[in-house]
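Peer 1: Below is a structure I'd like to ask you about.
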Amino acid sequence: MSIKILMVCLGNICRSPLAEGILASKLPEKKFTVDSAGTGSWHIGHSPDERSIATAKKNGLNISNQKGRQFATTDFDTFDYIYVMDKSNFKDVIQLAKSFEHESKVQLILNELFPNENVDVPDPYYGSPDGFNSVYTMLDEACDIIAEKLLEKYP
């Protein structure tokens, strides 16, 4: 049995591909599956943003083979945990939930670092390359906590 975790942002080319790559690197492949999706449909089938790929590569991760996809209501049944990057993504995903069980799977990723503060991972798309480095650092710290909790719960 594989525990499935989904990372969600707006376009699935900047933040969620980084989060997918980071968390996947911290968990054993045999026990965990990590994927990512976007709430929007603009980048279906596209590779992550070149700046995300470069930032990941600089940190020893290869995310260049990922392909963008849109979040689907079936993801609630497929995934055990759904981490969203910001409050807008949270609202968009929760609106698609059909039950409390579905809603309970969705959480803001930075609440792992800042419990109940509902801090957004800033979208680096229109910013400078430094924004991608900052986002990487935030996601790396949050994914450390997530991986620790998952490995404790599913040894």
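Ordering of the structure tokens sets the chain letters (A, B, ...), residue numbers begin anew at 1 in every chain, and ligands are numbered from 1 in the order given.
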Which neighbours of A:Met7 fall inside 9 Å, counting only C-alpha atoms, when residues of the same chain fewer than 5 positions from it are skipped, and could you give them as an mmCIF file with all heavy atoms, in the first residue's frame?

Peer 2:
```cif
data_model
loop_
_atom_site.group_PDB
_atom_site.id
_atom_site.type_symbol
_atom_site.label_atom_id
_atom_site.label_comp_id
_atom_site.auth_asym_id
_atom_site.auth_seq_id
_atom_site.Cartn_x
_atom_site.Cartn_y
_atom_site.Cartn_z
ATOM 1 N N ASN A 12 0.595 24.713 -11.635
ATOM 2 C CA ASN A 12 1.363 23.468 -11.603
ATOM 3 C C ASN A 12 2.646 23.562 -12.437
ATOM 4 O O ASN A 12 3.055 22.616 -13.084
ATOM 5 C CB ASN A 12 0.493 22.285 -12.051
ATOM 6 C CG ASN A 12 1.094 20.910 -11.747
ATOM 7 O OD1 ASN A 12 0.865 19.960 -12.469
ATOM 8 N ND2 ASN A 12 1.874 20.789 -10.687
ATOM 9 N N ARG A 15 5.392 26.326 -7.954
ATOM 10 C CA ARG A 15 5.460 25.892 -6.557
ATOM 11 C C ARG A 15 5.188 24.412 -6.351
ATOM 12 O O ARG A 15 5.963 23.719 -5.681
ATOM 13 C CB ARG A 15 4.483 26.725 -5.708
ATOM 14 C CG ARG A 15 4.839 28.199 -5.692
ATOM 15 C CD ARG A 15 3.754 29.043 -5.046
ATOM 16 N NE ARG A 15 2.565 29.066 -5.904
ATOM 17 C CZ ARG A 15 1.405 29.614 -5.561
ATOM 18 N NH1 ARG A 15 1.270 30.176 -4.367
ATOM 19 N NH2 ARG A 15 0.379 29.611 -6.392
ATOM 20 N N SER A 16 4.079 23.899 -6.892
ATOM 21 C CA SER A 16 3.743 22.494 -6.625
ATOM 22 C C SER A 16 4.743 21.509 -7.233
ATOM 23 O O SER A 16 5.031 20.484 -6.605
ATOM 24 C CB SER A 16 2.300 22.166 -7.021
ATOM 25 O OG SER A 16 2.039 22.454 -8.363
ATOM 26 N N PRO A 17 5.335 21.780 -8.422
ATOM 27 C CA PRO A 17 6.370 20.852 -8.898
ATOM 28 C C PRO A 17 7.588 20.822 -7.961
ATOM 29 O O PRO A 17 8.161 19.759 -7.724
ATOM 30 C CB PRO A 17 6.757 21.388 -10.275
ATOM 31 C CG PRO A 17 5.565 22.159 -10.729
ATOM 32 C CD PRO A 17 4.992 22.764 -9.466
ATOM 33 N N ALA A 19 7.478 21.464 -4.698
ATOM 34 C CA ALA A 19 7.036 20.746 -3.498
ATOM 35 C C ALA A 19 6.996 19.236 -3.744
ATOM 36 O O ALA A 19 7.411 18.444 -2.885
ATOM 37 C CB ALA A 19 5.665 21.253 -3.062
ATOM 38 N N GLU A 20 6.524 18.836 -4.920
ATOM 39 C CA GLU A 20 6.494 17.407 -5.267
ATOM 40 C C GLU A 20 7.900 16.822 -5.238
ATOM 41 O O GLU A 20 8.150 15.783 -4.622
ATOM 42 C CB GLU A 20 5.881 17.212 -6.655
ATOM 43 C CG GLU A 20 5.941 15.769 -7.148
ATOM 44 C CD GLU A 20 5.501 15.575 -8.588
ATOM 45 O OE1 GLU A 20 4.862 16.476 -9.170
ATOM 46 O OE2 GLU A 20 5.796 14.504 -9.144
ATOM 47 N N VAL A 34 4.208 10.813 -4.457
ATOM 48 C CA VAL A 34 3.980 12.256 -4.396
ATOM 49 C C VAL A 34 3.717 12.746 -5.818
ATOM 50 O O VAL A 34 4.420 12.375 -6.752
ATOM 51 C CB VAL A 34 5.197 13.003 -3.788
ATOM 52 C CG1 VAL A 34 4.872 14.485 -3.616
ATOM 53 C CG2 VAL A 34 5.617 12.387 -2.450
ATOM 54 N N ASP A 35 2.693 13.569 -5.973
ATOM 55 C CA ASP A 35 2.316 14.117 -7.271
ATOM 56 C C ASP A 35 1.984 15.590 -7.074
ATOM 57 O O ASP A 35 1.969 16.088 -5.942
ATOM 58 C CB ASP A 35 1.102 13.342 -7.811
ATOM 59 C CG ASP A 35 0.845 13.574 -9.301
ATOM 60 O OD1 ASP A 35 1.645 14.268 -9.957
ATOM 61 O OD2 ASP A 35 -0.168 13.066 -9.804
ATOM 62 N N SER A 36 1.708 16.283 -8.172
ATOM 63 C CA SER A 36 1.306 17.678 -8.071
ATOM 64 C C SER A 36 0.276 17.988 -9.146
ATOM 65 O O SER A 36 0.152 17.270 -10.139
ATOM 66 C CB SER A 36 2.513 18.607 -8.197
ATOM 67 O OG SER A 36 3.145 18.475 -9.447
ATOM 68 N N ALA A 37 -0.467 19.082 -8.908
ATOM 69 C CA ALA A 37 -1.505 19.512 -9.841
ATOM 70 C C ALA A 37 -1.716 21.010 -9.670
ATOM 71 O O ALA A 37 -1.274 21.599 -8.683
ATOM 72 C CB ALA A 37 -2.813 18.761 -9.567
ATOM 73 N N GLY A 38 -2.410 21.593 -10.631
ATOM 74 C CA GLY A 38 -2.768 23.004 -10.555
ATOM 75 C C GLY A 38 -4.278 23.153 -10.533
ATOM 76 O O GLY A 38 -4.999 22.286 -11.042
ATOM 77 N N TYR A 81 -3.390 12.827 1.342
ATOM 78 C CA TYR A 81 -3.069 14.165 1.835
ATOM 79 C C TYR A 81 -2.986 15.109 0.635
ATOM 80 O O TYR A 81 -2.386 14.769 -0.382
ATOM 81 C CB TYR A 81 -1.709 14.184 2.547
ATOM 82 C CG TYR A 81 -1.663 13.296 3.763
ATOM 83 C CD1 TYR A 81 -1.267 11.965 3.656
ATOM 84 C CD2 TYR A 81 -2.015 13.778 5.025
ATOM 85 C CE1 TYR A 81 -1.230 11.133 4.763
ATOM 86 C CE2 TYR A 81 -1.974 12.956 6.142
ATOM 87 C CZ TYR A 81 -1.577 11.639 6.001
ATOM 88 O OH TYR A 81 -1.544 10.816 7.107
ATOM 89 N N ILE A 82 -3.580 16.292 0.775
ATOM 90 C CA ILE A 82 -3.534 17.298 -0.282
ATOM 91 C C ILE A 82 -3.033 18.598 0.344
ATOM 92 O O ILE A 82 -3.688 19.165 1.229
ATOM 93 C CB ILE A 82 -4.921 17.505 -0.925
ATOM 94 C CG1 ILE A 82 -5.422 16.193 -1.538
ATOM 95 C CG2 ILE A 82 -4.865 18.619 -1.975
ATOM 96 C CD1 ILE A 82 -6.882 16.217 -1.990
ATOM 97 N N TYR A 83 -1.849 19.027 -0.097
ATOM 98 C CA TYR A 83 -1.257 20.268 0.408
ATOM 99 C C TYR A 83 -1.364 21.350 -0.660
ATOM 100 O O TYR A 83 -0.914 21.151 -1.789
ATOM 101 C CB TYR A 83 0.217 20.052 0.770
ATOM 102 C CG TYR A 83 0.398 19.217 1.996
ATOM 103 C CD1 TYR A 83 0.662 17.858 1.909
ATOM 104 C CD2 TYR A 83 0.288 19.784 3.265
ATOM 105 C CE1 TYR A 83 0.823 17.075 3.041
ATOM 106 C CE2 TYR A 83 0.443 19.012 4.406
ATOM 107 C CZ TYR A 83 0.706 17.668 4.287
ATOM 108 O OH TYR A 83 0.860 16.899 5.411
ATOM 109 N N VAL A 84 -1.963 22.475 -0.289
ATOM 110 C CA VAL A 84 -2.106 23.595 -1.211
ATOM 111 C C VAL A 84 -1.132 24.704 -0.814
ATOM 112 O O VAL A 84 -0.727 24.811 0.336
ATOM 113 C CB VAL A 84 -3.557 24.116 -1.258
ATOM 114 C CG1 VAL A 84 -4.493 23.046 -1.802
ATOM 115 C CG2 VAL A 84 -4.026 24.595 0.107
ATOM 116 N N MET A 85 -0.765 25.526 -1.802
ATOM 117 C CA MET A 85 0.271 26.530 -1.598
ATOM 118 C C MET A 85 -0.247 27.847 -1.027
ATOM 119 O O MET A 85 0.508 28.571 -0.383
ATOM 120 C CB MET A 85 1.012 26.819 -2.915
ATOM 121 C CG MET A 85 1.674 25.588 -3.519
ATOM 122 S SD MET A 85 2.967 24.883 -2.478
ATOM 123 C CE MET A 85 2.476 23.162 -2.491
ATOM 124 N N ILE A 109 0.160 24.175 3.066
ATOM 125 C CA ILE A 109 1.448 23.549 3.347
ATOM 126 C C ILE A 109 2.254 24.303 4.404
ATOM 127 O O ILE A 109 2.911 23.688 5.233
ATOM 128 C CB ILE A 109 2.262 23.319 2.048
ATOM 129 C CG1 ILE A 109 3.442 22.384 2.328
ATOM 130 C CG2 ILE A 109 2.693 24.644 1.425
ATOM 131 C CD1 ILE A 109 4.098 21.818 1.072
#
```

Peer 1: Mind checking which residues fall within 12 Å of A:Lys31, counting only C-alpha atoms, ignoring those fewer than 2 positions away in the same chain, and posting them as a list in words?

Peer 2: Met1, Ser2, Ile3, Lys4, Ile5, Ala24, Lys26, Leu27, Pro28, Glu29, Thr33, Val34, Ala147, Leu150, Leu151, Lys153, Tyr154 and Pro155 of chain A

Peer 1: Go ahead and save the picked residues with N, CA, C and O atoms, as a compact mmCIF listing (two decimals), in the first residue's frame.

Peer 2:
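Done, and the output landed in selection.txt:
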```
# COMPACT_ATOMS: atom_id res chain seq x y z
N MET A 1 0.84 -1.19 0.00
CA MET A 1 0.00 0.00 0.00
C MET A 1 0.88 1.24 0.00
O MET A 1 1.80 1.37 0.79
N SER A 2 0.55 2.16 -0.87
CA SER A 2 1.31 3.40 -0.98
C SER A 2 0.49 4.56 -0.43
O SER A 2 -0.69 4.68 -0.72
N ILE A 3 1.13 5.39 0.38
CA ILE A 3 0.48 6.60 0.88
C ILE A 3 0.68 7.66 -0.20
O ILE A 3 1.80 7.88 -0.66
N LYS A 4 -0.41 8.32 -0.58
CA LYS A 4 -0.35 9.27 -1.70
C LYS A 4 -0.54 10.70 -1.23
O LYS A 4 -1.51 11.00 -0.52
N ILE A 5 0.39 11.57 -1.66
CA ILE A 5 0.38 12.98 -1.28
C ILE A 5 0.34 13.82 -2.54
O ILE A 5 1.11 13.58 -3.47
N ALA A 24 9.15 14.17 -2.38
CA ALA A 24 9.48 12.84 -2.91
C ALA A 24 10.92 12.46 -2.56
O ALA A 24 11.21 11.29 -2.29
N LYS A 26 12.45 13.07 0.10
CA LYS A 26 12.58 12.83 1.54
C LYS A 26 11.86 11.56 2.01
O LYS A 26 11.92 11.21 3.18
N LEU A 27 11.15 10.91 1.08
CA LEU A 27 10.35 9.74 1.45
C LEU A 27 10.74 8.53 0.61
O LEU A 27 11.07 8.68 -0.58
N PRO A 28 10.65 7.32 1.18
CA PRO A 28 10.95 6.12 0.39
C PRO A 28 9.87 5.89 -0.67
O PRO A 28 8.68 5.90 -0.37
N GLU A 29 10.33 5.69 -1.90
CA GLU A 29 9.42 5.50 -3.05
C GLU A 29 8.48 4.32 -2.89
O GLU A 29 7.38 4.32 -3.42
N THR A 33 3.84 7.93 -2.61
CA THR A 33 3.74 8.49 -3.95
C THR A 33 3.43 9.97 -3.80
O THR A 33 2.50 10.34 -3.06
N VAL A 34 4.21 10.81 -4.46
CA VAL A 34 3.98 12.26 -4.40
C VAL A 34 3.72 12.75 -5.82
O VAL A 34 4.42 12.37 -6.75
N ALA A 147 7.51 15.09 6.02
CA ALA A 147 8.16 13.79 5.89
C ALA A 147 8.35 13.15 7.26
O ALA A 147 8.10 11.94 7.43
N LEU A 150 4.96 11.85 8.41
CA LEU A 150 4.53 10.68 7.63
C LEU A 150 5.35 9.44 7.98
O LEU A 150 4.79 8.36 8.11
N LEU A 151 6.65 9.62 8.14
CA LEU A 151 7.51 8.47 8.45
C LEU A 151 7.23 7.95 9.86
O LEU A 151 7.39 6.77 10.13
N LYS A 153 4.16 8.15 11.27
CA LYS A 153 2.84 7.54 11.19
C LYS A 153 2.85 6.23 10.38
O LYS A 153 2.08 5.31 10.67
N TYR A 154 3.70 6.18 9.37
CA TYR A 154 3.78 4.99 8.50
C TYR A 154 5.23 4.50 8.45
O TYR A 154 5.92 4.67 7.46
N PRO A 155 5.68 3.89 9.56
CA PRO A 155 7.11 3.49 9.64
C PRO A 155 7.50 2.41 8.64
O PRO A 155 6.71 1.67 8.16
```

Peer 1: Hey, which of A:Glu152, A:Asp120, A:Asp49, A:Glu141 ends up closest to A:Asp86? Count only C-alpha atoms.

Peer 2: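 Of all the options, A:Asp120 lies closest to A:Asp86.
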
Peer 1: Residues at most 7 Å from stretch 70-73 of chain A, counting only C-alpha atoms, excluding those fewer than 5 positions away in the same chain, as an NGL selection string?

Peer 2: :A and (37-41 or 44 or 96)

Peer 1: Tell me which of A:Asp80, A:Glu50, A:Asp144, A:Asp75 sits closest to A:Phe32, counting only C-alpha atoms.

Peer 2: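 Selected residue with least distance to A:Phe32: A:Asp80.
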
Peer 1: Which value, in Å to one decimal, gives the distance between atom CA of A:Tyr125 and atom CA of A:Leu23?

Peer 2: 20.8 Å

Peer 1: Could you check the closest approach to A:Cys14 for each of A:Ala56, A:Leu108, A:Leu61, A:Ala97 and tell me which residue wins, using only C-alpha atoms?

Peer 2: A:Ala56

Peer 1: What does the structure give for the distance between atom CA of A:Ser64 and atom CA of A:Ser47, in Å to one decimal?

Peer 2: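 Computing it gives 6.4 Å between the two atoms.
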
Peer 1: Of the candidates A:Leu6, A:Pro129, A:Val106, A:Asp77, which one gets nearest to A:Lys91 if we count only C-alpha atoms?

Peer 2: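 Closest to A:Lys91 of all the choices is A:Val106.
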
Peer 1: Write out as a ChimeraX atom specification the residues lying within 10 Å of A:Phe132, counting only C-alpha atoms and excluding same-chain residues fewer than 6 positions away.

Peer 2: /A:14-15,18,51-56,122-125,138

Peer 1: Taking the DSSP secondary structure from the backbone, can you list the residues of chain A that are helix (DSSP H, G or I), as a PyMOL selection string?

Peer 2: chain A and resi 15-26+50-58+75-78+87-94+100-104+109-112+129-153

Peer 1: Quick one: of A:Ser99, A:Asn89, A:Trp42, A:Leu113, who's nearest to A:Thr137, counting only C-alpha atoms?

Peer 2: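 Between A:Ser99, A:Asn89, A:Trp42, A:Leu113, the residue approaching A:Thr137 most closely is A:Leu113.
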
Peer 1: Identify, with DSSP run on backbone atoms, the residues in chain A assigned to strand (DSSP E or B), and express the list as a ChimeraX atom specification.

Peer 2: /A:3-9,32-38,70,81-84,106-108

Peer 1: Could you tell me how far atom CA of A:Ile145 lies from atom CA of A:Phe100, in Å and to one decimal?

Peer 2: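 Separation of atom CA of A:Ile145 and atom CA of A:Phe100: 24.6 Å.
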